[in-house]
Amino acid sequence: MSGRILIRMASNQQTRPGIGELAKDTTWGRIGIVMGEVGGHVRIRPIRGGTEWDAMPDKVVPPSAREELSARLAIRNANTRDGL
(Lines give C-alpha, C1' and ligand atoms only; values in the text may rest on other atoms or scores of the structure.)
Protein backbone atom coordinates (compact mmCIF):
# COMPACT_ATOMS: atom_id res chain seq x y z
CA MET A 1 0.00 0.00 0.00
CA SER A 2 1.43 3.39 -0.86
CA GLY A 3 0.59 6.57 1.00
CA ARG A 4 -1.18 7.21 4.23
CA ILE A 5 -4.90 6.50 4.33
CA LEU A 6 -7.06 9.20 5.86
CA ILE A 7 -10.72 8.65 6.55
CA ARG A 8 -13.26 11.28 7.47
CA MET A 9 -15.48 10.85 10.47
CA ALA A 10 -19.07 10.01 9.60
CA SER A 11 -21.59 12.78 10.03
CA ASN A 12 -24.50 12.15 12.38
CA GLN A 13 -26.73 14.04 9.94
CA GLN A 14 -26.41 11.45 7.15
CA THR A 15 -28.17 8.16 6.72
CA ARG A 16 -25.54 6.86 4.28
CA PRO A 17 -21.77 7.47 4.52
CA GLY A 18 -20.35 10.08 2.15
CA ILE A 19 -17.22 10.09 0.03
CA GLY A 20 -14.12 9.32 2.08
CA GLU A 21 -16.05 7.77 4.96
CA LEU A 22 -16.11 4.20 6.17
CA ALA A 23 -19.13 2.22 5.02
CA LYS A 24 -20.51 -1.29 5.29
CA ASP A 25 -22.00 -3.08 2.31
CA THR A 26 -24.66 -5.18 4.02
CA THR A 27 -25.04 -7.43 0.98
CA TRP A 28 -21.57 -8.86 1.53
CA GLY A 29 -20.82 -7.68 5.06
CA ARG A 30 -17.70 -5.89 3.82
CA ILE A 31 -16.27 -2.65 5.20
CA GLY A 32 -14.59 -0.12 2.93
CA ILE A 33 -14.18 3.52 2.03
CA VAL A 34 -16.78 5.26 -0.12
CA MET A 35 -15.08 6.52 -3.28
CA GLY A 36 -18.11 7.94 -5.06
CA GLU A 37 -21.31 7.11 -6.87
CA VAL A 38 -21.47 5.91 -10.46
CA GLY A 39 -24.53 4.82 -12.40
CA GLY A 40 -26.75 4.55 -9.36
CA HIS A 41 -24.23 2.45 -7.42
CA VAL A 42 -21.91 3.37 -4.58
CA ARG A 43 -18.23 2.63 -5.30
CA ILE A 44 -16.42 1.24 -2.24
CA ARG A 45 -12.70 0.48 -1.91
CA PRO A 46 -11.37 -2.09 0.56
CA ILE A 47 -9.64 -0.43 3.53
CA ARG A 48 -6.33 -2.12 2.72
CA GLY A 49 -6.53 -1.17 -0.94
CA GLY A 50 -7.49 -3.31 -3.88
CA THR A 51 -10.29 -3.43 -6.38
CA GLU A 52 -13.33 -1.26 -5.72
CA TRP A 53 -16.76 -2.82 -5.82
CA ASP A 54 -20.24 -1.54 -6.55
CA ALA A 55 -22.91 -1.59 -3.88
CA MET A 56 -26.58 -0.75 -4.04
CA PRO A 57 -27.19 2.54 -2.20
CA ASP A 58 -29.86 1.03 0.06
CA LYS A 59 -27.35 -1.63 1.19
CA VAL A 60 -24.66 0.88 2.27
CA VAL A 61 -24.75 1.85 5.94
CA PRO A 62 -22.32 3.26 8.51
CA PRO A 63 -20.36 0.49 10.24
CA SER A 64 -21.08 -0.28 13.88
CA ALA A 65 -18.74 1.27 16.45
CA ARG A 66 -16.95 -2.06 16.80
CA GLU A 67 -16.56 -2.47 13.02
CA GLU A 68 -15.30 1.09 12.67
CA LEU A 69 -12.74 0.61 15.44
CA SER A 70 -11.52 -2.62 13.85
CA ALA A 71 -11.23 -0.96 10.42
CA ARG A 72 -9.36 2.05 11.81
CA LEU A 73 -6.96 -0.26 13.66
CA ALA A 74 -6.30 -2.21 10.45
CA ILE A 75 -5.54 1.05 8.62
CA ARG A 76 -3.24 2.25 11.39
CA ASN A 77 -1.39 -1.08 11.43
CA ALA A 78 -0.96 -0.97 7.64
CA ASN A 79 0.36 2.61 7.85
CA THR A 80 2.80 1.55 10.59
CA ARG A 81 4.06 -1.38 8.50
CA ASP A 82 4.61 1.02 5.60
CA GLY A 83 6.59 3.36 7.86
CA LEU A 84 4.01 6.14 7.78
# chains A, B, ... in the order shown; residues from 1 in each chain; ligands from 1

$ residues_around --residues "Pro63 of chain A" --least-positions-apart "3" --cutoff "7 Å" --atoms "only C-alpha atoms" --output "list in words"
Leu22, Ala23, Lys24, Glu67 and Glu68 of chain A

$ atom_distance --atom1 "atom CA of Asp54 of chain A" --atom2 "atom CA of Thr15 of chain A"
18.3 Å

$ residues_around --residues "Ala71 of chain A" --least-positions-apart "3" --cutoff "9 Å" --atoms "only C-alpha atoms" --output "ChimeraX atom specification"
/A:22,31-32,47,66-68,74-76

$ atom_distance --atom1 "atom CA of Ile19 of chain A" --atom2 "atom CA of Ala65 of chain A"
18.7 Å

$ atom_distance --atom1 "atom CA of Ser64 of chain A" --atom2 "atom CA of His41 of chain A"
21.7 Å

$ select_by_dssp --residues "chain A" --states "alpha helix (DSSP H)" --output "short mmCIF file (atom, residue, chain, number, x, y, z; two decimals) with N, CA, C and O atoms, in the first residue's frame"
data_model
loop_
_atom_site.label_atom_id
_atom_site.label_comp_id
_atom_site.auth_asym_id
_atom_site.auth_seq_id
_atom_site.Cartn_x
_atom_site.Cartn_y
_atom_site.Cartn_z
N ALA A 65 -19.91 0.72 15.75
CA ALA A 65 -18.74 1.27 16.45
C ALA A 65 -17.61 0.24 16.50
O ALA A 65 -16.44 0.57 16.28
N ARG A 66 -17.95 -0.99 16.74
CA ARG A 66 -16.95 -2.06 16.80
C ARG A 66 -16.29 -2.28 15.44
O ARG A 66 -15.07 -2.44 15.33
N GLU A 67 -17.10 -2.29 14.37
CA GLU A 67 -16.56 -2.47 13.02
C GLU A 67 -15.67 -1.30 12.62
O GLU A 67 -14.62 -1.49 12.01
N GLU A 68 -16.10 -0.09 12.99
CA GLU A 68 -15.30 1.09 12.67
C GLU A 68 -13.96 1.05 13.40
O GLU A 68 -12.91 1.33 12.81
N LEU A 69 -13.98 0.71 14.67
CA LEU A 69 -12.74 0.61 15.44
C LEU A 69 -11.80 -0.42 14.82
O LEU A 69 -10.59 -0.18 14.66
N SER A 70 -12.32 -1.57 14.46
CA SER A 70 -11.52 -2.62 13.85
C SER A 70 -10.91 -2.15 12.52
O SER A 70 -9.73 -2.39 12.24
N ALA A 71 -11.71 -1.46 11.70
CA ALA A 71 -11.23 -0.96 10.42
C ALA A 71 -10.14 0.09 10.62
O ALA A 71 -9.11 0.07 9.94
N ARG A 72 -10.36 1.01 11.55
CA ARG A 72 -9.36 2.05 11.81
C ARG A 72 -8.05 1.45 12.35
O ARG A 72 -6.96 1.91 12.02
N LEU A 73 -8.15 0.41 13.15
CA LEU A 73 -6.96 -0.26 13.66
C LEU A 73 -6.21 -0.94 12.51
O LEU A 73 -4.98 -0.88 12.45
N ALA A 74 -6.93 -1.57 11.60
CA ALA A 74 -6.30 -2.21 10.45
C ALA A 74 -5.57 -1.18 9.59
O ALA A 74 -4.46 -1.42 9.11
N ILE A 75 -6.18 -0.01 9.41
CA ILE A 75 -5.54 1.05 8.62
C ILE A 75 -4.28 1.55 9.33
O ILE A 75 -3.23 1.70 8.71
N ARG A 76 -4.40 1.76 10.63
CA ARG A 76 -3.24 2.25 11.39
C ARG A 76 -2.10 1.23 11.35
O ARG A 76 -0.93 1.58 11.18
N ASN A 77 -2.42 -0.05 11.49
CA ASN A 77 -1.39 -1.08 11.43
C ASN A 77 -0.73 -1.12 10.07
O ASN A 77 0.48 -1.27 9.97
N ALA A 78 -1.52 -0.97 8.99
CA ALA A 78 -0.96 -0.97 7.64
C ALA A 78 -0.06 0.24 7.46
O ALA A 78 1.03 0.12 6.87
N ASN A 79 -0.48 1.40 7.96
CA ASN A 79 0.36 2.61 7.85
C ASN A 79 1.66 2.42 8.63
O ASN A 79 2.72 2.86 8.17
N THR A 80 1.61 1.78 9.78
CA THR A 80 2.80 1.55 10.59
C THR A 80 3.76 0.61 9.86
O THR A 80 4.97 0.85 9.81
N ARG A 81 3.23 -0.45 9.26
CA ARG A 81 4.06 -1.38 8.50
C ARG A 81 4.74 -0.69 7.32
O ARG A 81 5.86 -1.03 6.96
#
